[in-house]
>>> print(open('query.pdb').read())   # PDB, C-alpha atoms
MODEL        1
ATOM      1  CA  MET F1332      12.639 -13.200  -8.673
ATOM      2  CA  PRO F1333       9.639 -15.206  -7.493
ATOM      3  CA  THR F1334       7.237 -13.792  -4.958
ATOM      4  CA  SER F1335       6.466 -15.462  -1.667
ATOM      5  CA  SER F1336       3.718 -17.344  -3.438
ATOM      6  CA  GLY F1337       6.119 -18.730  -6.011
ATOM      7  CA  GLN F1338       5.020 -16.492  -8.892
ATOM      8  CA  PRO F1339       7.391 -14.251 -10.823
ATOM      9  CA  ARG F1340       7.376 -10.790  -9.278
ATOM     10  CA  ILE F1341       5.774  -7.933 -11.163
ATOM     11  CA  PRO F1342       8.440  -5.201 -10.871
ATOM     12  CA  GLU F1343       6.041  -2.344 -11.523
ATOM     13  CA  LEU F1344       3.923  -3.292  -8.513
ATOM     14  CA  ASP F1345       6.940  -3.229  -6.208
ATOM     15  CA  VAL F1346       7.863   0.260  -7.423
ATOM     16  CA  ILE F1347       4.318   1.574  -7.028
ATOM     17  CA  ARG F1348       4.050   0.016  -3.563
ATOM     18  CA  GLY F1349       7.341   1.578  -2.469
ATOM     19  CA  PHE F1350       6.282   4.960  -3.823
ATOM     20  CA  ALA F1351       2.967   4.713  -1.975
ATOM     21  CA  LEU F1352       4.786   3.824   1.239
ATOM     22  CA  CYS F1353       6.742   7.093   1.005
ATOM     23  CA  GLY F1354       3.562   9.127   0.666
ATOM     24  CA  ILE F1355       1.853   7.278   3.491
ATOM     25  CA  LEU F1356       4.696   8.127   5.833
ATOM     26  CA  LEU F1357       4.531  11.805   4.827
ATOM     27  CA  ALA F1358       0.836  11.797   5.663
ATOM     28  CA  ASN F1359       1.300   9.901   8.930
ATOM     29  CA  VAL F1360       4.258  11.642  10.579
ATOM     30  CA  GLN F1361       2.195  14.321  12.285
ATOM     31  CA  PRO F1362      -0.624  12.086  13.595
ATOM     32  CA  ILE F1363       1.860   9.415  14.735
ATOM     33  CA  SER F1364       3.873  12.025  16.610
ATOM     34  CA  GLY F1365       0.835  13.217  18.499
ATOM     35  CA  GLY F1366       2.369  16.669  18.460
ATOM     36  CA  ARG F1367       0.521  19.936  18.194
ATOM     37  CA  THR F1368       0.260  21.218  14.626
ATOM     38  CA  THR F1369       1.393  24.730  13.763
ATOM     39  CA  ALA F1370       0.283  27.219  11.153
ATOM     40  CA  ALA F1371       2.829  25.695   8.784
ATOM     41  CA  SER F1372       1.468  22.241   9.341
ATOM     42  CA  THR F1373      -0.730  20.106   7.154
ATOM     43  CA  GLY F1374      -3.289  17.416   7.607
ATOM     44  CA  VAL F1375      -5.869  19.739   9.173
ATOM     45  CA  ASP F1376      -6.875  22.421   6.703
ATOM     46  CA  GLY F1377      -6.085  20.422   3.566
ATOM     47  CA  SER F1378      -5.073  23.552   1.669
ATOM     48  CA  THR F1379      -1.260  23.257   1.898
ATOM     49  CA  TRP F1380       0.761  21.263  -0.620
ATOM     50  CA  LEU F1381       0.811  18.279   1.745
ATOM     51  CA  GLY F1382      -2.924  18.492   2.228
ATOM     52  CA  LEU F1383      -3.497  18.661  -1.516
ATOM     53  CA  LEU F1384      -0.895  16.208  -2.815
ATOM     54  CA  VAL F1385      -0.340  13.785   0.068
ATOM     55  CA  GLU F1386      -3.299  13.536   2.442
ATOM     56  CA  GLN F1387      -5.516  10.570   1.412
ATOM     57  CA  ARG F1388      -3.592  10.280  -1.889
ATOM     58  CA  PHE F1389      -1.510   7.185  -1.177
ATOM     59  CA  MET F1390      -3.768   4.928   0.876
ATOM     60  CA  PRO F1391      -5.951   4.355  -2.225
ATOM     61  CA  ILE F1392      -2.867   3.074  -4.051
ATOM     62  CA  PHE F1393      -1.974   0.796  -1.146
ATOM     63  CA  ALA F1394      -5.537  -0.544  -0.913
ATOM     64  CA  LEU F1395      -5.693  -1.214  -4.654
ATOM     65  CA  LEU F1396      -2.385  -3.097  -4.461
ATOM     66  CA  PHE F1397      -3.666  -5.131  -1.511
ATOM     67  CA  GLY F1398      -6.629  -6.307  -3.573
ATOM     68  CA  ILE F1399      -4.287  -7.158  -6.432
ATOM     69  CA  GLY F1400      -1.898  -9.072  -4.183
ATOM     70  CA  PHE F1401      -4.745 -10.954  -2.521
ATOM     71  CA  SER F1402      -6.102 -12.246  -5.829
ATOM     72  CA  LEU F1403      -2.635 -13.051  -7.162
ATOM     73  CA  LEU F1404      -2.053 -15.176  -4.064
ATOM     74  CA  LEU F1405      -5.432 -16.881  -4.485
ATOM     75  CA  ARG F1406      -4.557 -17.748  -8.073
ATOM     76  CA  SER F1407      -1.193 -19.152  -7.046
ATOM     77  CA  ALA F1408      -2.524 -21.014  -4.004
ATOM     78  CA  SER F1409      -5.334 -22.577  -6.043
ATOM     79  CA  ALA F1410      -2.711 -24.409  -8.077
ATOM     80  CA  ARG F1411      -0.770 -25.557  -5.004
ATOM     81  CA  VAL F1412      -3.214 -26.439  -2.223
ATOM     82  CA  GLU F1413      -6.654 -28.029  -2.050
ATOM     83  CA  ARG F1414      -8.247 -25.324   0.113
ATOM     84  CA  PRO F1415      -6.742 -21.987  -0.939
ATOM     85  CA  ARG F1416      -9.367 -19.910   0.876
ATOM     86  CA  VAL F1417      -8.331 -21.415   4.201
ATOM     87  CA  LEU F1418      -4.818 -20.204   3.452
ATOM     88  CA  LEU F1419      -6.144 -16.721   2.692
ATOM     89  CA  LEU F1420      -8.197 -16.788   5.890
ATOM     90  CA  ARG F1421      -5.047 -17.502   7.886
ATOM     91  CA  ARG F1422      -3.277 -14.675   6.077
ATOM     92  CA  LEU F1423      -5.980 -12.164   6.946
ATOM     93  CA  LEU F1424      -6.205 -13.311  10.566
ATOM     94  CA  CYS F1425      -2.438 -12.947  10.904
ATOM     95  CA  LEU F1426      -2.637  -9.450   9.433
ATOM     96  CA  LEU F1427      -5.392  -8.630  11.913
ATOM     97  CA  ALA F1428      -3.125  -9.717  14.765
ATOM     98  CA  ILE F1429      -0.243  -7.590  13.430
ATOM     99  CA  GLY F1430      -2.555  -4.615  12.984
ATOM    100  CA  ALA F1431      -4.013  -5.013  16.461
ATOM    101  CA  ALA F1432      -0.523  -5.105  17.974
ATOM    102  CA  HIS F1433       0.428  -2.006  15.969
ATOM    103  CA  PHE F1434      -2.744  -0.264  17.151
ATOM    104  CA  LEU F1435      -2.345  -1.175  20.820
ATOM    105  CA  LEU F1436       1.393  -0.754  21.164
ATOM    106  CA  LEU F1437       2.358   2.005  18.740
ATOM    107  CA  TRP F1438      -0.389   4.040  17.068
ATOM    108  CA  TRP F1439      -4.164   4.348  17.074
ATOM    109  CA  GLY F1440      -4.227   5.168  13.339
ATOM    110  CA  ASP F1441      -3.212   1.680  12.192
ATOM    111  CA  ILE F1442      -4.649   0.735   8.786
ATOM    112  CA  LEU F1443      -3.661  -2.956   8.755
ATOM    113  CA  SER F1444      -6.476  -4.001  11.065
ATOM    114  CA  THR F1445      -8.927  -2.207   8.765
ATOM    115  CA  TYR F1446      -7.483  -4.035   5.776
ATOM    116  CA  ALA F1447      -7.802  -7.357   7.576
ATOM    117  CA  LEU F1448     -11.415  -6.743   8.626
ATOM    118  CA  VAL F1449     -12.492  -5.548   5.177
ATOM    119  CA  GLY F1450     -10.633  -8.502   3.694
ATOM    120  CA  LEU F1451     -12.506 -10.923   5.947
ATOM    121  CA  LEU F1452     -15.905  -9.311   5.411
ATOM    122  CA  ILE F1453     -15.701  -8.311   1.735
ATOM    123  CA  LEU F1454     -12.641  -9.539  -0.133
ATOM    124  CA  LEU F1455     -12.594 -13.175   0.948
ATOM    125  CA  PRO F1456     -16.341 -13.738   0.353
ATOM    126  CA  SER F1457     -15.988 -12.078  -3.056
ATOM    127  CA  THR F1458     -13.796 -14.973  -4.209
ATOM    128  CA  TRP F1459     -16.969 -17.039  -4.616
ATOM    129  CA  LEU F1460     -18.532 -14.407  -6.892
ATOM    130  CA  PRO F1461     -18.099 -14.310 -10.685
ATOM    131  CA  ARG F1462     -15.601 -11.771 -11.844
ATOM    132  CA  PHE F1463     -18.164  -9.483 -13.481
ATOM    133  CA  ALA F1464     -19.901  -9.149 -10.100
ATOM    134  CA  VAL F1465     -16.620  -8.193  -8.426
ATOM    135  CA  ALA F1466     -15.865  -5.711 -11.214
ATOM    136  CA  THR F1467     -19.317  -4.157 -10.693
ATOM    137  CA  LEU F1468     -19.228  -4.066  -6.901
ATOM    138  CA  GLY F1469     -15.872  -2.271  -6.840
ATOM    139  CA  PRO F1470     -17.126   0.951  -8.441
ATOM    140  CA  VAL F1471     -20.407   0.679  -6.491
ATOM    141  CA  PHE F1472     -18.524   0.696  -3.178
ATOM    142  CA  LEU F1473     -16.418   3.625  -4.387
ATOM    143  CA  LEU F1474     -19.523   5.633  -5.268
ATOM    144  CA  VAL F1475     -21.097   4.824  -1.912
ATOM    145  CA  ALA F1476     -17.880   5.927  -0.191
ATOM    146  CA  LEU F1477     -17.968   9.255  -2.016
ATOM    147  CA  ALA F1478     -21.662   9.735  -1.279
ATOM    148  CA  THR F1479     -21.336   8.946   2.430
ATOM    149  CA  GLY F1480     -17.906  10.430   3.060
ATOM    150  CA  ASP F1481     -16.612   7.126   4.395
ATOM    151  CA  GLY F1482     -12.958   7.304   3.428
ATOM    152  CA  ARG F1483     -11.965   4.209   5.357
ATOM    153  CA  PHE F1484     -14.096   1.047   5.270
ATOM    154  CA  THR F1485     -16.312   1.524   2.206
ATOM    155  CA  LEU F1486     -13.568   3.163   0.162
ATOM    156  CA  THR F1487     -11.154   0.385   1.122
ATOM    157  CA  ALA F1488     -13.693  -2.259   0.099
ATOM    158  CA  GLY F1489     -14.176  -0.624  -3.288
ATOM    159  CA  LEU F1490     -10.456  -0.444  -3.943
ATOM    160  CA  PHE F1491      -9.915  -4.031  -2.772
ATOM    161  CA  LEU F1492     -12.571  -5.297  -5.170
ATOM    162  CA  THR F1493     -11.280  -3.149  -8.023
ATOM    163  CA  GLY F1494      -7.776  -4.537  -7.528
ATOM    164  CA  SER F1495      -9.151  -8.071  -7.399
ATOM    165  CA  ALA F1496     -11.081  -7.503 -10.621
ATOM    166  CA  LEU F1497      -7.915  -6.318 -12.386
ATOM    167  CA  VAL F1498      -6.313  -9.657 -11.591
ATOM    168  CA  ARG F1499      -9.349 -11.743 -12.479
ATOM    169  CA  TYR F1500      -9.579 -10.027 -15.864
ATOM    170  CA  ASN F1501      -5.806 -10.553 -16.373
ATOM    171  CA  VAL F1502      -5.116  -6.823 -16.651
ATOM    172  CA  ILE F1503      -2.205  -7.119 -14.193
ATOM    173  CA  ASP F1504      -0.553  -9.812 -16.321
ATOM    174  CA  ARG F1505      -0.256  -7.356 -19.180
ATOM    175  CA  LEU F1506      -0.012  -4.001 -17.451
ATOM    176  CA  PRO F1507      -1.255  -1.443 -19.972
ATOM    177  CA  LYS F1508       0.839   1.580 -20.761
ATOM    178  CA  PRO F1509      -1.263   4.646 -19.936
ATOM    179  CA  GLY F1510      -0.976   7.354 -22.539
ATOM    180  CA  TRP F1511       0.164  10.863 -21.774
ATOM    181  CA  ILE F1512      -3.265  12.115 -22.852
ATOM    182  CA  THR F1513      -4.967   9.928 -20.232
ATOM    183  CA  THR F1514      -2.461  10.977 -17.577
ATOM    184  CA  LEU F1515      -2.787  14.671 -18.342
ATOM    185  CA  GLY F1516      -6.567  14.249 -18.490
ATOM    186  CA  LEU F1517      -6.540  12.970 -14.912
ATOM    187  CA  ALA F1518      -4.512  16.002 -13.870
ATOM    188  CA  VAL F1519      -6.916  18.375 -15.590
ATOM    189  CA  VAL F1520      -9.914  16.765 -13.900
ATOM    190  CA  ALA F1521      -8.156  16.747 -10.513
ATOM    191  CA  VAL F1522      -7.291  20.465 -10.530
ATOM    192  CA  PRO F1523     -10.832  21.820  -9.978
ATOM    193  CA  VAL F1524     -11.446  19.186  -7.292
ATOM    194  CA  LEU F1525      -8.290  20.263  -5.458
ATOM    195  CA  LEU F1526      -9.298  23.914  -5.785
ATOM    196  CA  TRP F1527     -12.690  22.975  -4.374
ATOM    197  CA  GLN F1528     -10.965  21.294  -1.440
ATOM    198  CA  THR F1529      -9.222  24.562  -0.545
ATOM    199  CA  THR F1530     -12.570  26.368  -0.272
ATOM    200  CA  VAL F1531     -14.216  24.055   2.286
ATOM    201  CA  GLN F1532     -13.423  23.488   5.938
ATOM    202  CA  PRO F1533     -12.489  20.202   7.630
ATOM    203  CA  GLY F1534     -15.524  18.723   9.304
ATOM    204  CA  ASP F1535     -17.833  19.872   6.530
ATOM    205  CA  ARG F1536     -19.528  17.112   4.550
ATOM    206  CA  ALA F1537     -18.244  18.714   1.353
ATOM    207  CA  PHE F1538     -14.672  18.508   2.639
ATOM    208  CA  ALA F1539     -14.860  14.712   3.035
ATOM    209  CA  LEU F1540     -16.241  14.399  -0.500
ATOM    210  CA  ALA F1541     -13.581  16.715  -1.952
ATOM    211  CA  LEU F1542     -10.816  14.922  -0.073
ATOM    212  CA  ALA F1543     -11.920  11.447  -1.180
ATOM    213  CA  THR F1544     -12.593  12.445  -4.793
ATOM    214  CA  GLY F1545      -9.299  14.300  -5.036
ATOM    215  CA  GLY F1546      -7.567  11.347  -3.417
ATOM    216  CA  LEU F1547      -8.800   8.886  -6.034
ATOM    217  CA  LEU F1548      -7.961  11.208  -8.937
ATOM    218  CA  VAL F1549      -4.477  12.084  -7.670
ATOM    219  CA  ALA F1550      -3.769   8.433  -6.813
ATOM    220  CA  ALA F1551      -4.724   7.397 -10.351
ATOM    221  CA  PHE F1552      -2.521  10.185 -11.718
ATOM    222  CA  TYR F1553       0.445   9.005  -9.629
ATOM    223  CA  ILE F1554       0.026   5.421 -10.844
ATOM    224  CA  CYS F1555      -0.136   6.512 -14.479
ATOM    225  CA  ILE F1556       2.935   8.731 -14.135
ATOM    226  CA  LEU F1557       4.932   5.898 -12.562
ATOM    227  CA  LEU F1558       3.914   3.414 -15.245
ATOM    228  CA  LEU F1559       4.951   5.900 -17.905
ATOM    229  CA  LEU F1560       8.297   6.686 -16.261
ATOM    230  CA  LEU F1561       9.018   2.984 -15.812
ATOM    231  CA  ARG F1562       9.141   2.764 -19.595
ATOM    232  CA  THR F1563      11.841   5.414 -19.828
ATOM    233  CA  ARG F1564      15.504   5.606 -18.863
ATOM    234  CA  LEU F1565      14.397   6.466 -15.330
ATOM    235  CA  ARG F1566      13.263   2.881 -14.757
ATOM    236  CA  GLY F1567      16.544   1.873 -13.135
ATOM    237  CA  VAL F1568      16.537   4.837 -10.773
ATOM    238  CA  LEU F1569      12.924   4.269  -9.756
ATOM    239  CA  GLN F1570      13.562   0.589  -9.102
ATOM    240  CA  THR F1571      16.665   1.319  -7.049
ATOM    241  CA  ILE F1572      14.780   3.756  -4.821
ATOM    242  CA  PHE F1573      11.335   2.239  -4.498
ATOM    243  CA  THR F1574      11.623  -1.522  -5.069
ATOM    244  CA  PRO F1575      13.384  -2.318  -1.761
ATOM    245  CA  LEU F1576      10.802  -0.256   0.125
ATOM    246  CA  GLY F1577       7.953  -1.946  -1.732
ATOM    247  CA  ARG F1578       9.206  -5.474  -1.226
ATOM    248  CA  MET F1579       9.467  -4.863   2.529
ATOM    249  CA  ALA F1580       6.367  -2.676   2.823
ATOM    250  CA  LEU F1581       4.935  -4.388   5.907
ATOM    251  CA  THR F1582       8.206  -4.260   7.820
ATOM    252  CA  ASN F1583       8.837  -0.662   6.787
ATOM    253  CA  TYR F1584       5.291   0.464   7.588
ATOM    254  CA  ILE F1585       5.466  -0.890  11.150
ATOM    255  CA  SER F1586       9.048   0.205  11.800
ATOM    256  CA  ALA F1587       8.319   3.732  10.519
ATOM    257  CA  THR F1588       5.801   4.226  13.311
ATOM    258  CA  ALA F1589       8.360   3.241  15.931
ATOM    259  CA  LEU F1590      10.989   5.466  14.336
ATOM    260  CA  VAL F1591       8.719   8.526  14.218
ATOM    261  CA  ARG F1592       7.839   8.122  17.874
ATOM    262  CA  ALA F1593      11.500   7.649  18.787
ATOM    263  CA  ILE F1594      12.578  10.764  16.859
ATOM    264  CA  VAL F1595       9.845  12.880  18.430
ATOM    265  CA  ALA F1596      10.815  11.651  21.907
ATOM    266  CA  VAL F1597      14.555  12.176  21.427
ATOM    267  CA  PHE F1598      14.200  15.682  19.996
ATOM    268  CA  GLU F1599      11.241  16.553  22.255
ATOM    269  CA  LEU F1600       9.093  17.821  19.408
ATOM    270  CA  ASP F1601       5.796  19.046  20.800
ATOM    271  CA  ALA F1602       4.860  20.981  17.660
ATOM    272  CA  ILE F1603       5.239  19.525  14.177
ATOM    273  CA  THR F1604       5.708  21.811  11.174
ATOM    274  CA  THR F1605       5.683  20.869   7.508
ATOM    275  CA  THR F1606       9.474  21.111   7.513
ATOM    276  CA  ASP F1607       9.614  18.678  10.436
ATOM    277  CA  VAL F1608       7.351  16.278   8.567
ATOM    278  CA  VAL F1609       9.528  16.312   5.458
ATOM    279  CA  LEU F1610      12.805  15.985   7.361
ATOM    280  CA  ILE F1611      11.585  13.146   9.566
ATOM    281  CA  ALA F1612      10.075  11.268   6.629
ATOM    282  CA  ALA F1613      13.210  11.776   4.505
ATOM    283  CA  ALA F1614      15.489  10.503   7.276
ATOM    284  CA  ILE F1615      13.353   7.430   7.911
ATOM    285  CA  LEU F1616      12.829   6.558   4.247
ATOM    286  CA  THR F1617      16.511   6.977   3.386
ATOM    287  CA  THR F1618      17.439   4.685   6.259
ATOM    288  CA  GLN F1619      14.784   2.145   5.332
ATOM    289  CA  CYS F1620      15.793   2.156   1.668
ATOM    290  CA  LEU F1621      19.427   1.449   2.533
ATOM    291  CA  LEU F1622      18.608  -1.226   5.113
ATOM    292  CA  SER F1623      16.001  -2.859   2.863
ATOM    293  CA  THR F1624      18.482  -3.005  -0.017
ATOM    294  CA  LEU F1625      21.103  -4.645   2.202
ATOM    295  CA  TRP F1626      18.589  -7.047   3.733
ATOM    296  CA  LEU F1627      17.251  -8.209   0.361
ATOM    297  CA  ARG F1628      20.745  -9.084  -0.787
ATOM    298  CA  HIS F1629      20.659 -11.978   1.674
ATOM    299  CA  PHE F1630      16.965 -12.762   2.182
ATOM    300  CA  THR F1631      13.977 -13.190  -0.078
ATOM    301  CA  GLN F1632      11.768 -10.835   1.929
ATOM    302  CA  GLY F1633      11.580  -8.650   5.018
ATOM    303  CA  PRO F1634      11.360 -10.130   8.524
ATOM    304  CA  LEU F1635       7.670  -9.367   9.043
ATOM    305  CA  GLU F1636       6.879 -10.509   5.493
ATOM    306  CA  TRP F1637       8.743 -13.747   6.258
ATOM    307  CA  LEU F1638       6.725 -14.322   9.438
ATOM    308  CA  TRP F1639       3.499 -13.447   7.621
ATOM    309  CA  ARG F1640       4.269 -15.993   4.937
ATOM    310  CA  TRP F1641       5.081 -18.603   7.571
ATOM    311  CA  ALA F1642       1.685 -18.045   9.215
ATOM    312  CA  THR F1643      -0.033 -18.112   5.819
ATOM    313  CA  TRP F1644       1.465 -21.347   4.517
ATOM    314  CA  THR F1645       2.105 -22.941   7.969
ATOM    315  CA  ARG F1646       5.612 -23.951   6.990
ATOM    316  CA  ARG F1647       8.922 -22.244   7.416
ATOM    317  CA  PRO F1648       9.749 -20.115   4.367
ATOM    318  CA  PRO F1649      13.136 -20.546   2.682
ATOM    319  CA  THR F1650      15.937 -18.012   2.840
ATOM    320  CA  ILE F1651      17.535 -16.572  -0.288
ATOM    321  CA  LYS F1652      20.353 -19.135  -0.106
ATOM    322  CA  THR F1653      17.852 -21.991   0.070
ATOM    323  CA  TRP F1654      15.948 -20.558  -2.878
ATOM    324  CA  GLN F1655      19.137 -20.254  -4.951
ATOM    325  CA  ASN F1656      20.152 -23.811  -4.093
ATOM    326  CA  GLU F1657      16.735 -25.056  -5.166
ATOM    327  CA  LEU F1658      17.231 -23.392  -8.543
ATOM    328  CA  ARG F1659      20.596 -25.086  -9.001
ATOM    329  CA  SER F1660      19.322 -28.553  -8.053
TER     330      SER F1660
ENDMDL
END
>>> encode(input="query.pdb", output="structure tokens")
Amino acid sequence: MPTSSGQPRIPELDVIRGFALCGILLANVQPISGGRTTAASTGVDGSTWLGLLVEQRFMPIFALLFGIGFSLLLRSASARVERPRVLLLRRLLCLLAIGAAHFLLLWWGDILSTYALVGLLILLPSTWLPRFAVATLGPVFLLVALATGDGRFTLTAGLFLTGSALVRYNVIDRLPKPGWITTLGLAVVAVPVLLWQTTVQPGDRAFALALATGGLLVAAFYICILLLLLRTRLRGVLQTIFTPLGRMALTNYISATALVRAIVAVFELDAITTTDVVLIAAAILTTQCLLSTLWLRHFTQGPLEWLWRWATWTRRPPTIKTWQNELRS
């Protein structure tokens, strides 16, 4: 099925995006709720299984995919419009508006506004640079992020540029199959970093470095594992679960915030345990997976994705029926 830009979809990216969305919700339930954490909670000490395997492990995947999607859209738009960067500017400004609304109305921890700002300041200007410069700047930003402990802006910029470079070097067009040796190697390297994380306290400079380094290593491990499993008999199961979530990531990300706040209000949860986090996330993700699957049977994309595309291209996007009729004509 084509993407909103008219290109054939890359199924693996939808699965990875949906998987990342699940992890992001697990990490965000407690801060969205605003509830007091308990001894069984995560997110604070970073030594529980959620702190080690979830916290800061999925945003790197999402940021990398954003850089990939941005450059894929630029490539597609360059063949369709005279001024593709103006189109991308509109897309980022629209995302900034969505993120600002999310921040002001629902949750202070919104990441979309950060993505939009970094996109405007770093990603969009990088489209005028040669690809080797983008491929060099990506790792440089990542190293600076690790050195400074900036796990938001600088790290996001590095991942955006790395994702863009993967597209510009055509790596995404022929997704490589990571070997089991590479995947296990990432796990082996990540283990001592995670053990290090358990020995330092939040607020320490070393904790920020351990968290960010572990996040990048675990994120890379997750991506490799998914790419390997997508070449096995589990491909169908993974696509059934994660593809609908990934194709409606923007809609699901925003709606998840509203759902968490509603659940906390209804059940009057003033203290959030790890069990609460898992149960709330599972309930929301199951509901979103079912609704996304049903929605995509009738429409090409989610409602917020549809509006975002409309603002990007400044023309009303087609529905699934229109798209099918165009194929027949």
>>> atom_distance(input="query.pdb", atom1="atom CA of Ala1447 of chain F", atom2="atom CA of Thr1582 of chain F")
16.3 Å
>>> residues_near_point(input="query.pdb", point="(7.0, -3.8, -2.9)", cutoff="8 Å", atoms="all atoms listed in the file", output="list in words")
Leu1344, Asp1345, Val1346, Ile1347, Arg1348, Gly1349, Phe1573, Thr1574, Pro1575, Leu1576, Gly1577, Arg1578, Met1579 and Ala1580 of chain F
>>> resolve_selection(input="query.pdb", expression="the PyMOL selection byres ((chain F and resi 1417-1434) around 9)", output="number ranges by chain")
F: 1401, 1404-1405, 1408, 1412, 1414-1416, 1435-1448, 1450-1451, 1455, 1585, 1588, 1639-1640, 1642-1645
>>> residues_around(input="query.pdb", residues="Thr1458 of chain F", least_positions_apart="2", cutoff="10 Å", atoms="all atoms listed in the file", output="list in words")
Ser1402, Leu1405, Arg1416, Ile1453, Leu1454, Leu1455, Pro1456, Leu1460, Pro1461, Arg1462, Val1465, Leu1492, Ser1495 and Arg1499 of chain F
>>> atom_distance(input="query.pdb", atom1="atom CA of Pro1648 of chain F", atom2="atom CA of Asn1583 of chain F")
19.6 Å
>>> atom_distance(input="query.pdb", atom1="atom CA of Ala1614 of chain F", atom2="atom CA of Glu1386 of chain F")
19.6 Å
>>> resolve_selection(input="query.pdb", expression="the PyMOL selection byres ((chain F and resi 1542) around 10)", output="PyMOL selection string")
chain F and resi 1377+1382-1383+1386-1388+1477+1480+1482+1524-1525+1527-1529+1533+1537-1541+1543-1547
>>> write_last_selection(input="query.pdb", atoms="C-alpha atoms", output="compact mmCIF listing (two decimals), in the coordinates of the input")
# COMPACT_ATOMS: atom_id res chain seq x y z
CA GLY F 1377 -6.08 20.42 3.57
CA GLY F 1382 -2.92 18.49 2.23
CA LEU F 1383 -3.50 18.66 -1.52
CA GLU F 1386 -3.30 13.54 2.44
CA GLN F 1387 -5.52 10.57 1.41
CA ARG F 1388 -3.59 10.28 -1.89
CA LEU F 1477 -17.97 9.26 -2.02
CA GLY F 1480 -17.91 10.43 3.06
CA GLY F 1482 -12.96 7.30 3.43
CA VAL F 1524 -11.45 19.19 -7.29
CA LEU F 1525 -8.29 20.26 -5.46
CA TRP F 1527 -12.69 22.98 -4.37
CA GLN F 1528 -10.96 21.29 -1.44
CA THR F 1529 -9.22 24.56 -0.55
CA PRO F 1533 -12.49 20.20 7.63
CA ALA F 1537 -18.24 18.71 1.35
CA PHE F 1538 -14.67 18.51 2.64
CA ALA F 1539 -14.86 14.71 3.04
CA LEU F 1540 -16.24 14.40 -0.50
CA ALA F 1541 -13.58 16.72 -1.95
CA ALA F 1543 -11.92 11.45 -1.18
CA THR F 1544 -12.59 12.44 -4.79
CA GLY F 1545 -9.30 14.30 -5.04
CA GLY F 1546 -7.57 11.35 -3.42
CA LEU F 1547 -8.80 8.89 -6.03
>>> resolve_selection(input="query.pdb", expression="the PyMOL selection byres ((chain F and resi 1385) around 10)", output="PDB file with C-alpha atoms, in the frame of the given file")
ATOM      1  CA  ALA F1351       2.967   4.713  -1.975  1.00  0.00           C
ATOM      2  CA  CYS F1353       6.742   7.093   1.005  1.00  0.00           C
ATOM      3  CA  GLY F1354       3.562   9.127   0.666  1.00  0.00           C
ATOM      4  CA  ILE F1355       1.853   7.278   3.491  1.00  0.00           C
ATOM      5  CA  LEU F1356       4.696   8.127   5.833  1.00  0.00           C
ATOM      6  CA  LEU F1357       4.531  11.805   4.827  1.00  0.00           C
ATOM      7  CA  ALA F1358       0.836  11.797   5.663  1.00  0.00           C
ATOM      8  CA  ASN F1359       1.300   9.901   8.930  1.00  0.00           C
ATOM      9  CA  THR F1373      -0.730  20.106   7.154  1.00  0.00           C
ATOM     10  CA  GLY F1374      -3.289  17.416   7.607  1.00  0.00           C
ATOM     11  CA  GLY F1377      -6.085  20.422   3.566  1.00  0.00           C
ATOM     12  CA  THR F1379      -1.260  23.257   1.898  1.00  0.00           C
ATOM     13  CA  TRP F1380       0.761  21.263  -0.620  1.00  0.00           C
ATOM     14  CA  LEU F1381       0.811  18.279   1.745  1.00  0.00           C
ATOM     15  CA  GLY F1382      -2.924  18.492   2.228  1.00  0.00           C
ATOM     16  CA  LEU F1383      -3.497  18.661  -1.516  1.00  0.00           C
ATOM     17  CA  LEU F1384      -0.895  16.208  -2.815  1.00  0.00           C
ATOM     18  CA  GLU F1386      -3.299  13.536   2.442  1.00  0.00           C
ATOM     19  CA  GLN F1387      -5.516  10.570   1.412  1.00  0.00           C
ATOM     20  CA  ARG F1388      -3.592  10.280  -1.889  1.00  0.00           C
ATOM     21  CA  PHE F1389      -1.510   7.185  -1.177  1.00  0.00           C
ATOM     22  CA  MET F1390      -3.768   4.928   0.876  1.00  0.00           C
ATOM     23  CA  GLY F1546      -7.567  11.347  -3.417  1.00  0.00           C
ATOM     24  CA  VAL F1549      -4.477  12.084  -7.670  1.00  0.00           C
ATOM     25  CA  ALA F1550      -3.769   8.433  -6.813  1.00  0.00           C
TER      26      ALA F1550
END
>>> closest_residue(input="query.pdb", among="F:Leu1452, F:Leu1396, F:Ile1594, F:Ala1496", to="Pro1470 of chain F", atoms="only C-alpha atoms")
F:Ala1496
>>> residues_around(input="query.pdb", residues="Cys1555 of chain F", least_positions_apart="5", cutoff="9 Å", atoms="all atoms listed in the file", output="ChimeraX atom specification")
/F:1508-1511,1513-1514,1550,1560
>>> residues_around(input="query.pdb", residues="Leu1621 of chain F", least_positions_apart="2", cutoff="10 Å", atoms="all atoms listed in the file", output="PyMOL selection string")
chain F and resi 1571-1572+1575-1576+1616-1619+1623-1626
>>> axis_aligned_box(input="query.pdb", around="segment 1604-1610 of chain F", padding_each_side="4 Å", output="JSON")
{"center_x": 9.2, "center_y": 18.9, "center_z": 8.3, "size_x": 15.1, "size_y": 13.8, "size_z": 13.7}
>>> closest_residue(input="query.pdb", among="F:Leu1352, F:Leu1486, F:Ala1518, F:Leu1403", to="Asn1501 of chain F", atoms="only C-alpha atoms")
F:Leu1403
>>> residues_around(input="query.pdb", residues="segment 1471-1476 of chain F", least_positions_apart="3", cutoff="8 Å", atoms="all atoms listed in the file", output="count of residues only")
11
